[in-house]
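Coordinates as given in start.tsv (TSV, C-alpha atoms):
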```tsv
chain	number	residue	atom	x	y	z
Q	26	MET	CA	0.00	0.00	0.00
Q	27	PHE	CA	1.17	3.55	-0.76
Q	28	SER	CA	1.03	6.45	1.65
Q	29	LEU	CA	1.96	10.12	1.59
Q	30	GLY	CA	4.66	12.21	3.16
Q	31	TYR	CA	5.08	15.97	2.89
Q	32	GLY	CA	8.15	18.14	2.36
Q	33	ALA	CA	8.45	21.79	1.36
Q	34	CYS	CA	11.50	24.00	1.04
Q	35	PHE	CA	12.64	27.22	-0.65
Q	36	GLY	CA	14.32	27.37	-4.04
Q	37	HIS	CA	14.80	24.86	-6.83
Q	38	ASN	CA	15.62	22.02	-4.49
Q	39	GLU	CA	13.51	19.00	-5.39
Q	40	VAL	CA	15.95	16.51	-3.88
Q	41	LYS	CA	15.62	18.17	-0.49
Q	42	ALA	CA	11.83	18.24	-0.70
Q	43	ILE	CA	11.71	14.58	-1.74
Q	44	ALA	CA	14.07	13.62	1.09
Q	45	MET	CA	11.92	15.54	3.57
Q	46	ALA	CA	8.77	13.85	2.27
Q	47	ILE	CA	10.30	10.37	2.59
Q	48	LEU	CA	11.48	11.13	6.10
Q	49	ASP	CA	8.07	12.53	7.03
Q	50	ARG	CA	6.37	9.38	5.78
Q	51	ALA	CA	8.84	7.18	7.65
Q	52	LEU	CA	8.29	9.05	10.91
Q	53	GLN	CA	4.50	8.91	10.51
Q	54	LYS	CA	4.67	5.16	9.97
Q	55	GLY	CA	6.86	4.88	13.07
Q	56	MET	CA	4.30	6.84	15.12
Q	57	GLN	CA	1.49	4.59	13.90
Q	58	ASP	CA	2.95	1.10	14.22
Q	59	GLY	CA	6.00	1.71	16.38
Q	60	PRO	CA	9.41	2.15	14.70
Q	61	ASP	CA	10.87	-0.80	12.74
Q	62	CYS	CA	14.11	0.90	11.75
Q	63	PRO	CA	16.09	3.97	12.92
Q	64	SER	CA	14.65	6.30	10.26
Q	65	GLU	CA	11.19	5.73	11.78
Q	66	ASP	CA	12.43	6.67	15.24
Q	67	PRO	CA	12.37	10.42	16.13
Q	68	GLU	CA	15.29	9.87	18.52
Q	69	PHE	CA	17.56	8.86	15.64
Q	70	VAL	CA	16.17	11.29	13.08
Q	71	LEU	CA	16.49	14.37	15.29
Q	72	LEU	CA	20.09	13.42	16.03
Q	73	HIS	CA	20.98	13.22	12.34
Q	74	VAL	CA	18.76	15.62	10.50
Q	75	ASP	CA	21.17	18.57	10.82
Q	76	GLY	CA	21.92	19.77	7.29
Q	77	VAL	CA	25.68	19.23	7.08
Q	78	ASP	CA	25.52	15.75	8.59
Q	79	SER	CA	22.73	14.40	6.44
Q	80	MET	CA	24.11	15.96	3.26
Q	81	GLY	CA	27.43	14.20	3.82
Q	82	PHE	CA	25.78	10.82	3.97
Q	83	ALA	CA	23.76	11.36	0.80
Q	84	ASN	CA	26.83	12.70	-1.03
Q	85	HIS	CA	29.16	9.91	0.04
Q	86	TYR	CA	27.38	7.58	-2.37
Q	87	LYS	CA	29.36	9.14	-5.20
Q	88	MET	CA	32.51	7.58	-3.78
Q	89	PRO	CA	33.56	4.16	-5.13
Q	90	HIS	CA	31.88	1.17	-3.49
Q	91	TYR	CA	33.29	-1.68	-5.57
Q	92	VAL	CA	34.64	-3.78	-2.67
Q	93	THR	CA	31.31	-3.62	-0.87
Q	94	PHE	CA	29.48	-4.26	-4.14
Q	95	GLN	CA	31.68	-7.28	-4.93
Q	96	SER	CA	30.77	-8.68	-1.53
Q	97	GLU	CA	27.06	-8.12	-2.21
Q	98	VAL	CA	27.35	-9.79	-5.62
Q	99	ASP	CA	29.03	-12.81	-3.99
Q	100	ARG	CA	26.06	-13.30	-1.64
Q	101	LEU	CA	23.57	-12.76	-4.45
Q	102	ARG	CA	25.24	-15.31	-6.74
Q	103	THR	CA	25.58	-17.90	-3.98
Q	104	THR	CA	21.93	-17.67	-2.96
Q	105	GLN	CA	20.78	-17.67	-6.60
Q	106	GLU	CA	22.92	-20.74	-7.39
Q	107	LYS	CA	21.52	-22.54	-4.35
Q	108	ASP	CA	18.00	-21.55	-5.34
Q	109	ALA	CA	18.55	-22.80	-8.92
Q	110	ALA	CA	19.96	-26.12	-7.66
Q	111	HIS	CA	17.02	-26.45	-5.28
Q	112	THR	CA	14.44	-25.81	-8.01
Q	113	LYS	CA	16.23	-28.30	-10.30
Q	114	ALA	CA	16.20	-30.98	-7.58
Q	115	GLN	CA	12.50	-30.37	-6.99
Q	116	GLY	CA	11.81	-30.63	-10.71
Q	117	ALA	CA	13.66	-33.97	-10.86
Q	118	GLU	CA	11.58	-35.31	-7.96
Q	119	SER	CA	8.18	-34.53	-9.45
P	4	MET	CA	39.00	23.03	-11.62
P	5	ASN	CA	41.44	25.93	-11.81
P	6	PRO	CA	44.93	24.49	-12.36
P	7	GLY	CA	46.53	27.78	-11.32
P	8	TYR	CA	44.89	27.72	-7.90
P	9	GLU	CA	47.06	26.88	-4.95
P	10	LEU	CA	45.89	26.41	-1.41
P	11	PRO	CA	46.93	29.47	0.63
P	12	VAL	CA	48.87	27.27	3.02
P	13	ASP	CA	51.12	30.06	4.30
P	14	ASP	CA	48.21	32.33	5.13
P	15	VAL	CA	46.35	29.90	7.37
P	16	ASN	CA	47.80	28.62	10.56
P	17	TYR	CA	46.21	25.29	11.28
P	18	ASN	CA	46.95	23.71	14.60
P	19	PHE	CA	49.09	20.60	14.12
P	20	ALA	CA	46.73	17.91	12.82
P	21	PHE	CA	43.89	20.45	12.42
P	22	LEU	CA	42.07	19.54	15.68
P	23	ASP	CA	42.68	21.63	18.76
P	24	GLU	CA	44.65	20.03	21.58
P	25	LEU	CA	41.61	19.58	23.83
P	26	ALA	CA	39.77	17.70	21.09
P	27	LYS	CA	42.75	15.43	20.53
P	28	ARG	CA	43.05	14.75	24.24
P	29	GLU	CA	39.38	13.83	24.48
P	30	ILE	CA	39.67	11.45	21.53
P	31	ARG	CA	42.83	9.83	22.96
P	32	ARG	CA	41.11	9.27	26.31
P	33	ASN	CA	38.16	7.68	24.53
P	34	ILE	CA	40.52	5.49	22.52
P	35	LEU	CA	41.99	4.22	25.80
P	36	LYS	CA	38.53	3.49	27.12
P	37	ALA	CA	37.57	1.71	23.90
P	38	ILE	CA	40.69	-0.47	24.12
P	39	SER	CA	39.99	-1.28	27.77
P	40	ILE	CA	36.49	-2.58	26.98
P	41	PRO	CA	36.83	-4.49	23.69
P	42	GLY	CA	33.88	-3.76	21.42
P	43	TYR	CA	32.21	-1.18	23.67
P	44	GLN	CA	31.01	1.81	21.68
P	45	THR	CA	32.55	4.77	23.47
P	46	PRO	CA	30.64	8.02	22.83
P	47	TYR	CA	32.73	11.07	22.04
P	48	ALA	CA	32.19	14.66	20.91
P	49	SER	CA	32.79	14.18	17.20
P	50	ARG	CA	34.11	17.51	15.92
P	51	GLU	CA	33.01	19.17	12.74
P	52	MET	CA	35.59	18.45	10.05
P	53	PRO	CA	36.17	20.31	6.79
P	54	MET	CA	34.35	17.52	4.91
P	55	GLY	CA	30.90	15.99	5.03
P	56	ARG	CA	29.94	13.26	7.45
P	57	GLY	CA	30.18	10.04	5.49
P	58	PHE	CA	33.60	10.83	4.06
P	59	GLY	CA	35.52	9.26	6.92
P	60	THR	CA	35.36	12.01	9.53
P	61	GLY	CA	35.34	9.46	12.37
P	62	GLY	CA	38.41	7.67	11.08
P	63	LEU	CA	40.15	10.92	10.29
P	64	GLN	CA	39.67	12.28	13.80
P	65	LEU	CA	41.25	9.10	15.20
P	66	THR	CA	44.15	9.36	12.76
P	67	LEU	CA	44.73	13.05	13.46
P	68	SER	CA	44.74	12.57	17.22
P	69	LEU	CA	47.26	9.69	16.91
P	70	LEU	CA	49.57	11.13	14.30
P	71	GLY	CA	52.75	12.92	15.33
P	72	ALA	CA	55.88	14.16	13.57
P	73	GLY	CA	57.90	11.16	12.34
P	74	ASP	CA	54.89	8.89	11.96
P	75	THR	CA	54.10	7.35	8.60
P	76	LEU	CA	50.54	7.14	7.35
P	77	LYS	CA	48.93	5.07	4.61
P	78	VAL	CA	45.39	5.88	3.51
P	79	ILE	CA	43.26	3.29	1.74
P	80	ASP	CA	39.94	3.78	-0.06
P	81	GLN	CA	38.25	0.52	-1.09
P	82	GLY	CA	41.70	-1.10	-1.12
P	83	ALA	CA	43.27	1.52	-3.38
P	84	ASP	CA	45.76	4.31	-2.69
P	85	ASP	CA	44.76	6.43	-5.67
P	86	SER	CA	41.01	6.48	-5.11
P	87	VAL	CA	39.31	9.80	-4.41
P	88	ASN	CA	38.81	9.51	-0.65
P	89	ALA	CA	42.35	8.22	-0.08
P	90	VAL	CA	43.93	11.00	-2.14
P	91	ASN	CA	41.95	13.74	-0.41
P	92	LEU	CA	42.54	12.48	3.13
P	93	ARG	CA	46.25	12.00	2.42
P	94	GLN	CA	46.54	15.54	1.07
P	95	PHE	CA	44.69	16.90	4.09
P	96	VAL	CA	47.11	15.15	6.45
P	97	GLU	CA	50.11	16.37	4.43
P	98	LEU	CA	48.71	19.90	4.66
P	99	THR	CA	47.98	19.94	8.39
P	100	CYS	CA	50.61	17.58	9.85
P	101	PRO	CA	54.07	18.88	8.94
P	102	GLY	CA	56.70	16.25	9.79
P	103	ALA	CA	54.42	13.26	9.30
P	104	ASN	CA	55.15	11.08	6.27
P	105	THR	CA	52.78	9.31	3.93
P	106	THR	CA	53.37	6.09	2.06
P	107	GLU	CA	51.60	3.60	-0.20
P	108	ARG	CA	53.32	0.55	1.29
P	109	ALA	CA	51.47	-1.05	4.19
P	110	ALA	CA	54.71	-2.39	5.70
P	111	GLU	CA	56.23	1.10	5.95
P	112	ALA	CA	53.26	2.72	7.67
P	113	ASN	CA	52.71	2.73	11.41
P	114	ILE	CA	49.21	4.17	11.09
P	115	ILE	CA	46.90	2.96	8.34
P	116	GLN	CA	43.53	4.60	7.81
P	117	SER	CA	41.31	2.46	5.66
P	118	ARG	CA	37.92	2.74	4.06
P	119	HIS	CA	36.57	-0.77	4.26
P	120	ARG	CA	39.60	-2.99	3.61
P	121	ILE	CA	42.23	-4.58	5.84
P	122	PRO	CA	45.54	-4.77	3.91
P	123	GLU	CA	46.55	-8.18	2.50
P	124	ASP	CA	49.97	-8.00	4.18
P	125	LYS	CA	49.87	-9.20	7.77
P	126	LEU	CA	50.00	-6.22	10.12
P	127	THR	CA	52.48	-6.11	12.99
P	128	ALA	CA	52.25	-5.06	16.63
P	129	ASP	CA	53.88	-1.71	15.73
P	130	GLN	CA	50.99	-0.73	13.51
P	131	ILE	CA	47.57	0.78	14.15
P	132	LEU	CA	44.73	0.25	11.72
P	133	VAL	CA	41.99	2.90	11.72
P	134	LEU	CA	38.70	1.92	10.07
P	135	GLN	CA	35.95	4.30	8.99
P	136	VAL	CA	32.50	3.31	10.18
P	137	PRO	CA	29.08	4.50	8.97
P	138	THR	CA	26.92	2.47	11.40
P	139	PRO	CA	28.68	1.43	14.58
P	140	ASP	CA	25.88	-0.63	16.08
P	141	PRO	CA	25.16	-4.13	14.70
P	142	LEU	CA	21.81	-4.13	16.51
P	143	THR	CA	20.46	-1.27	14.37
P	144	ILE	CA	18.85	-3.80	11.99
P	145	VAL	CA	16.79	-5.34	14.78
P	146	GLU	CA	16.20	-2.48	17.26
P	147	PRO	CA	15.67	1.14	16.19
P	148	SER	CA	16.01	2.77	19.64
P	149	GLU	CA	19.56	3.47	20.73
P	150	ALA	CA	18.53	3.54	24.40
P	151	ARG	CA	17.23	-0.03	24.15
P	152	ARG	CA	20.22	-1.17	22.08
P	153	LYS	CA	22.53	0.02	24.84
P	154	ILE	CA	20.71	-2.16	27.36
P	155	MET	CA	20.83	-5.13	24.97
P	156	HIS	CA	24.60	-4.72	24.58
P	157	GLY	CA	25.06	-4.52	28.34
P	158	GLU	CA	23.08	-7.70	28.88
P	159	GLY	CA	24.77	-9.45	25.96
P	160	ASP	CA	21.30	-9.94	24.49
P	161	TYR	CA	22.07	-10.76	20.86
P	162	ALA	CA	19.17	-13.19	20.37
P	163	PRO	CA	17.32	-10.93	17.86
P	164	LEU	CA	20.50	-10.67	15.78
P	165	LEU	CA	20.94	-14.44	15.74
P	166	THR	CA	17.27	-14.78	14.82
P	167	ARG	CA	17.93	-12.49	11.86
P	168	LEU	CA	20.77	-14.77	10.72
P	169	TYR	CA	18.46	-17.78	11.15
P	170	GLU	CA	15.75	-16.09	9.07
P	171	ASP	CA	18.31	-15.64	6.29
P	172	ILE	CA	19.08	-19.35	6.37
P	173	VAL	CA	15.37	-20.22	6.22
P	174	GLN	CA	14.81	-17.86	3.31
P	175	PHE	CA	18.04	-18.19	1.31
P	176	ASP	CA	19.71	-21.32	2.73
P	177	GLU	CA	22.70	-19.07	3.45
P	178	ILE	CA	23.56	-16.13	5.73
P	179	ALA	CA	22.96	-13.21	3.36
P	180	ILE	CA	25.01	-10.53	5.16
P	181	SER	CA	27.70	-9.44	2.69
P	182	ASN	CA	29.67	-6.86	4.64
P	183	ARG	CA	29.38	-5.23	8.08
P	184	TYR	CA	29.36	-8.75	9.49
P	185	PRO	CA	28.49	-8.84	13.24
P	186	THR	CA	31.54	-10.07	15.14
P	187	ARG	CA	31.84	-10.97	18.81
P	188	LEU	CA	34.85	-9.59	20.66
P	189	ASN	CA	36.45	-11.31	23.60
P	190	GLY	CA	33.30	-13.36	24.23
P	191	HIS	CA	31.01	-10.43	25.02
P	192	TYR	CA	30.27	-7.34	22.91
P	193	VAL	CA	29.22	-7.87	19.32
P	194	ILE	CA	30.53	-5.15	17.02
P	195	ASP	CA	29.65	-3.98	13.55
P	196	SER	CA	32.88	-4.87	11.76
P	197	SER	CA	32.43	-1.76	9.52
P	198	PRO	CA	31.72	-2.33	5.81
P	199	ILE	CA	34.83	-4.48	5.33
P	200	PRO	CA	34.00	-7.57	3.25
P	201	ARG	CA	33.61	-10.88	5.09
P	202	PHE	CA	36.98	-11.81	3.58
P	203	ASP	CA	38.67	-9.38	6.00
P	204	VAL	CA	36.79	-10.30	9.18
P	205	PRO	CA	39.07	-13.27	10.11
P	206	LYS	CA	42.04	-10.87	9.96
P	207	MET	CA	40.63	-9.15	13.06
P	208	HIS	CA	40.91	-12.34	15.09
P	209	GLN	CA	44.06	-12.24	17.26
P	210	SER	CA	45.38	-9.39	15.13
P	211	ALA	CA	48.81	-8.19	16.26
P	212	ALA	CA	47.96	-4.64	15.24
P	213	LEU	CA	45.54	-2.48	17.21
P	214	ILE	CA	42.35	-1.89	15.21
P	215	LEU	CA	40.42	1.30	15.97
P	216	LEU	CA	37.01	2.01	14.52
P	217	GLY	CA	35.62	5.53	14.38
P	218	ALA	CA	32.11	6.64	13.45
P	219	GLY	CA	32.01	10.43	13.01
P	220	ARG	CA	28.32	10.93	12.35
P	221	GLU	CA	27.24	8.52	15.09
P	222	ARG	CA	29.92	9.89	17.46
P	223	LYS	CA	31.29	6.52	18.57
P	224	ILE	CA	34.75	5.00	18.92
P	225	TYR	CA	35.38	1.28	19.47
P	226	ALA	CA	38.38	-0.96	19.21
P	227	VAL	CA	39.65	-4.46	18.58
P	228	PRO	CA	42.65	-4.57	20.92
P	229	PRO	CA	45.72	-6.56	19.82
P	230	PHE	CA	45.57	-10.34	20.31
P	231	THR	CA	41.84	-10.36	21.08
P	232	ASP	CA	39.37	-13.01	19.95
P	233	ALA	CA	37.10	-11.71	17.19
P	234	VAL	CA	34.57	-14.34	16.20
P	235	PRO	CA	31.96	-13.69	13.48
P	236	LEU	CA	28.45	-14.73	14.54
P	237	ALA	CA	27.38	-18.06	13.02
P	238	PHE	CA	25.84	-21.37	14.02
P	239	GLU	CA	27.37	-24.75	14.83
P	240	ASP	CA	25.97	-26.27	11.65
P	241	VAL	CA	26.08	-23.17	9.44
P	242	ALA	CA	29.59	-21.77	9.40
P	243	PHE	CA	30.67	-18.23	8.63
P	244	ARG	CA	31.88	-18.04	5.04
P	245	THR	CA	34.08	-15.53	3.26
P	246	GLU	CA	33.83	-14.52	-0.39
P	247	ALA	CA	35.14	-17.52	-2.34
P	248	PHE	CA	36.07	-16.10	-5.79
P	249	LEU	CA	35.62	-19.43	-7.54
P	250	ASP	CA	35.22	-19.82	-11.29
P	251	SER	CA	32.66	-22.16	-12.87
P	252	LYS	CA	35.03	-25.13	-12.43
P	253	GLY	CA	35.48	-24.40	-8.75
P	254	ASN	CA	39.05	-23.09	-9.03
P	255	ARG	CA	40.12	-20.00	-7.10
P	256	ARG	CA	40.38	-16.99	-9.40
P	257	HIS	CA	43.63	-15.07	-9.42
P	258	CYS	CA	44.64	-11.48	-10.03
P	259	ASP	CA	45.30	-10.57	-13.69
P	260	ARG	CA	48.16	-8.24	-12.77
P	261	CYS	CA	50.09	-10.06	-10.03
P	262	THR	CA	48.71	-13.65	-10.23
P	263	SER	CA	47.90	-13.68	-6.50
P	264	ALA	CA	45.28	-16.34	-5.73
P	265	THR	CA	44.90	-15.44	-2.07
P	266	SER	CA	43.81	-11.78	-2.21
P	267	TYR	CA	40.42	-10.08	-2.34
P	268	LEU	CA	39.56	-9.47	-5.99
P	269	ASP	CA	37.62	-6.79	-7.83
P	270	GLU	CA	35.64	-7.87	-10.84
P	271	ILE	CA	36.23	-5.56	-13.78
P	272	ILE	CA	34.06	-5.73	-16.89
P	273	HIS	CA	35.84	-4.43	-19.97
P	274	PRO	CA	33.99	-2.61	-22.78
P	275	ASP	CA	34.04	-5.80	-24.88
P	276	GLY	CA	32.06	-7.57	-22.12
P	277	SER	CA	34.90	-9.78	-20.88
P	278	ARG	CA	35.39	-10.12	-17.14
P	279	HIS	CA	38.73	-9.55	-15.45
P	280	TRP	CA	39.81	-9.91	-11.88
P	281	GLN	CA	42.27	-7.73	-10.02
P	282	CYS	CA	43.51	-7.33	-6.44
P	283	SER	CA	41.56	-4.66	-4.60
P	284	ASP	CA	44.64	-3.91	-2.45
P	285	THR	CA	46.71	-1.87	-4.93
P	286	GLY	CA	49.72	-1.52	-2.63
P	287	TYR	CA	50.01	-5.31	-2.30
P	288	CYS	CA	49.37	-5.86	-6.02
P	289	ASN	CA	51.98	-3.32	-7.17
P	290	GLU	CA	54.61	-4.79	-4.89
P	291	ARG	CA	53.98	-8.33	-6.11
P	292	ARG	CA	54.06	-7.13	-9.71
P	293	THR	CA	57.42	-5.45	-9.21
P	294	GLN	CA	58.78	-8.64	-7.63
P	295	LEU	CA	57.48	-10.72	-10.55
P	296	GLN	CA	59.00	-8.36	-13.09
P	297	ASN	CA	62.35	-8.37	-11.28
P	298	ALA	CA	62.31	-12.18	-11.22
P	299	GLU	CA	61.56	-12.24	-14.96
P	300	CYS	CA	64.43	-9.83	-15.64
P	301	GLU	CA	66.82	-12.03	-13.64
P	302	GLU	CA	65.65	-15.09	-15.54
P	303	ALA	CA	66.15	-13.37	-18.88
P	304	ARG	CA	69.65	-12.30	-17.84
P	305	SER	CA	70.79	-15.76	-16.71
```
Would you mind writing the file out in structure tokens?
Amino acid sequence: MFSLGYGACFGHNEVKAIAMAILDRALQKGMQDGPDCPSEDPEFVLLHVDGVDSMGFANHYKMPHYVTFQSEVDRLRTTQEKDAAHTKAQGAES
Amino acid sequence: MNPGYELPVDDVNYNFAFLDELAKREIRRNILKAISIPGYQTPYASREMPMGRGFGTGGLQLTLSLLGAGDTLKVIDQGADDSVNAVNLRQFVELTCPGANTTERAAEANIIQSRHRIPEDKLTADQILVLQVPTPDPLTIVEPSEARRKIMHGEGDYAPLLTRLYEDIVQFDEIAISNRYPTRLNGHYVIDSSPIPRFDVPKMHQSAALILLGAGRERKIYAVPPFTDAVPLAFEDVAFRTEAFLDSKGNRRHCDRCTSATSYLDEIIHPDGSRHWQCSDTGYCNERRTQLQNAECEEARS
């Protein structure tokens, strides 16, 4: 199900508005059902929402991540191979 | 970029290592506390640095408070010396720490700041490894409230984390955590091992070098003291597994440049679609390559 979050800011700054809207939605969900992750918890959000801090995290994604990515790919391939082998074995049984 | 622009180094008088002396003293005291309680996340007043949070401000503050004249620093970014974060941090240290040296060889350095890799060369007791950490708490994925996580750490209550691993096994028949693998230190605290790949986690176990982990945004310092047990969480029947780098025949892949079959490899896809594999640790790879070339030269001569 979809739900709405709101964000408004000055200037041509869609990214900021979108980020605010996502955060707003997350916090509302946290208030409704209890927080499932830190971004739904006001304690965490208020500690990190300061402009310089949060901008740094969003910007750091432009740095290389190939070691981390390689590690992710390894897990993905292993689980996919296992899944394929499993499906094959099931097919042979039936 | 303006090639004619030079930093006005002579006009600004930075304190040695940029941070003021009180800040450095506070960080050093917290480092001592972190070493005394292996894996405990020591809170500290993370200072504002001239770069965004997320670019290694936690690691950099540790490095700057440890570095003195005569020390030698190596900076690593995803294994490489010439990657953007490594180059910038190294330049910053060269600018603000006169008398400190920088190097690209892990063996020469006594302080190594690294973004998410532990060097392939075995580190010695004379070296300190500083790791940059985005999320210091391994319990974040199961408990959003920091107040409650702190209690869970104190009580050694890691059941929800183990349940998460178990759920992975049920769903994928494999523990699906790729990096930031939760690791238990000295039989009590479980740490977030920072986004190092699983391949590097066993290097923390009984490491001769002191490993310090700094999270700037989350304002936490923790440590793996030398010769301390660091055991990745797993089950008796489902073991912890590192990245295998096997080809379709089950053979270990090796580096295209230096032929090493024991290092962590990066997969590189060339424009023609072919896949190549290369060491992620460039310092290690370059050294091996030089050795290989020297050996070839000797062979050709004899």
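When CA of Asp232 (chain P) is paired with CA of Tyr184 (chain P), their separation reads 15.1 Å.
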Residues of chain P within 6 Å of chain Q, all atoms listed in the file counted, as an MDAnalysis selection string: chainID P and resid 55:57 81 147 175 179 181 200
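Coordinates place CA of Gly30 (chain Q) at a distance of 9.1 Å from CA of Leu52 (chain Q).
For the set P:Gln44, P:Glu177, P:His273, P:Arg256, the residue with the smallest atom-to-atom gap to Lys153 (chain P) is P:Gln44, counting all atoms listed in the file.
Note that the spacing between CA of Leu216 (chain P) and CA of Pro235 (chain P) amounts to 16.5 Å.
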Selection: 7 Å around region 154-159 of chain P, all atoms listed in the file, excl. self and same-chain fewer than 4 positions, as a PDB file with C-alpha atoms, in the coordinates of the input:
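The file below, around-v3.pdb, is the result:
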```pdb
ATOM      1  CA  ALA P 150      18.530   3.540  24.400  1.00  0.00           C
ATOM      2  CA  HIS P 191      31.010 -10.430  25.020  1.00  0.00           C
ATOM      3  CA  TYR P 192      30.270  -7.340  22.910  1.00  0.00           C
TER       4      TYR P 192
END
```
Residues at most 9 Å from region 285-294 of chain P, counting only C-alpha atoms, excluding those fewer than 4 positions away in the same chain, as JSON, numbers by chain? {"P": [82, 83, 84, 85, 107, 108, 109, 122, 123, 124, 258, 260, 261, 262, 263, 266, 281, 298, 299]}
Go ahead and fit an axis-aligned box to every listed atom of region 196-206 of chain P plus 4 Å each side, and pass me the centre and edge lengths in Å, one decimal, as lines of an AutoDock Vina configuration file.
```
center_x = 36.9
center_y = -7.5
center_z = 7.5
size_x = 18.3
size_y = 19.5
size_z = 16.5
```
With only C-alpha atoms as the counted atoms, please give the residues lying no more than 12 Å from Ile214 (chain P), apart from itself and same-chain residues fewer than 4 positions off, as a ChimeraX atom specification. /P:34,37-38,41-42,62,65-66,113-117,120-121,126-135,196-197,204,206-210,224-231,233
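Residues lying at most 12 Å from (48.7, 23.7, 15.3) in file coordinates, with only C-alpha atoms considered, are Val15, Asn16, Tyr17, Asn18, Phe19, Ala20, Phe21, Leu22, Asp23, Glu24, Leu25, Lys27, Leu67, Ser68, Gly71, Leu98, Thr99, Cys100 and Pro101 of chain P.
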Which residues are close to Val193 (chain P), i.e. within 9 Å by all atoms listed in the file, leaving aside same-chain residues fewer than 6 positions away? Reply as a ChimeraX atom specification. /P:42-43,140-142,156,159,161,185-187,234-236
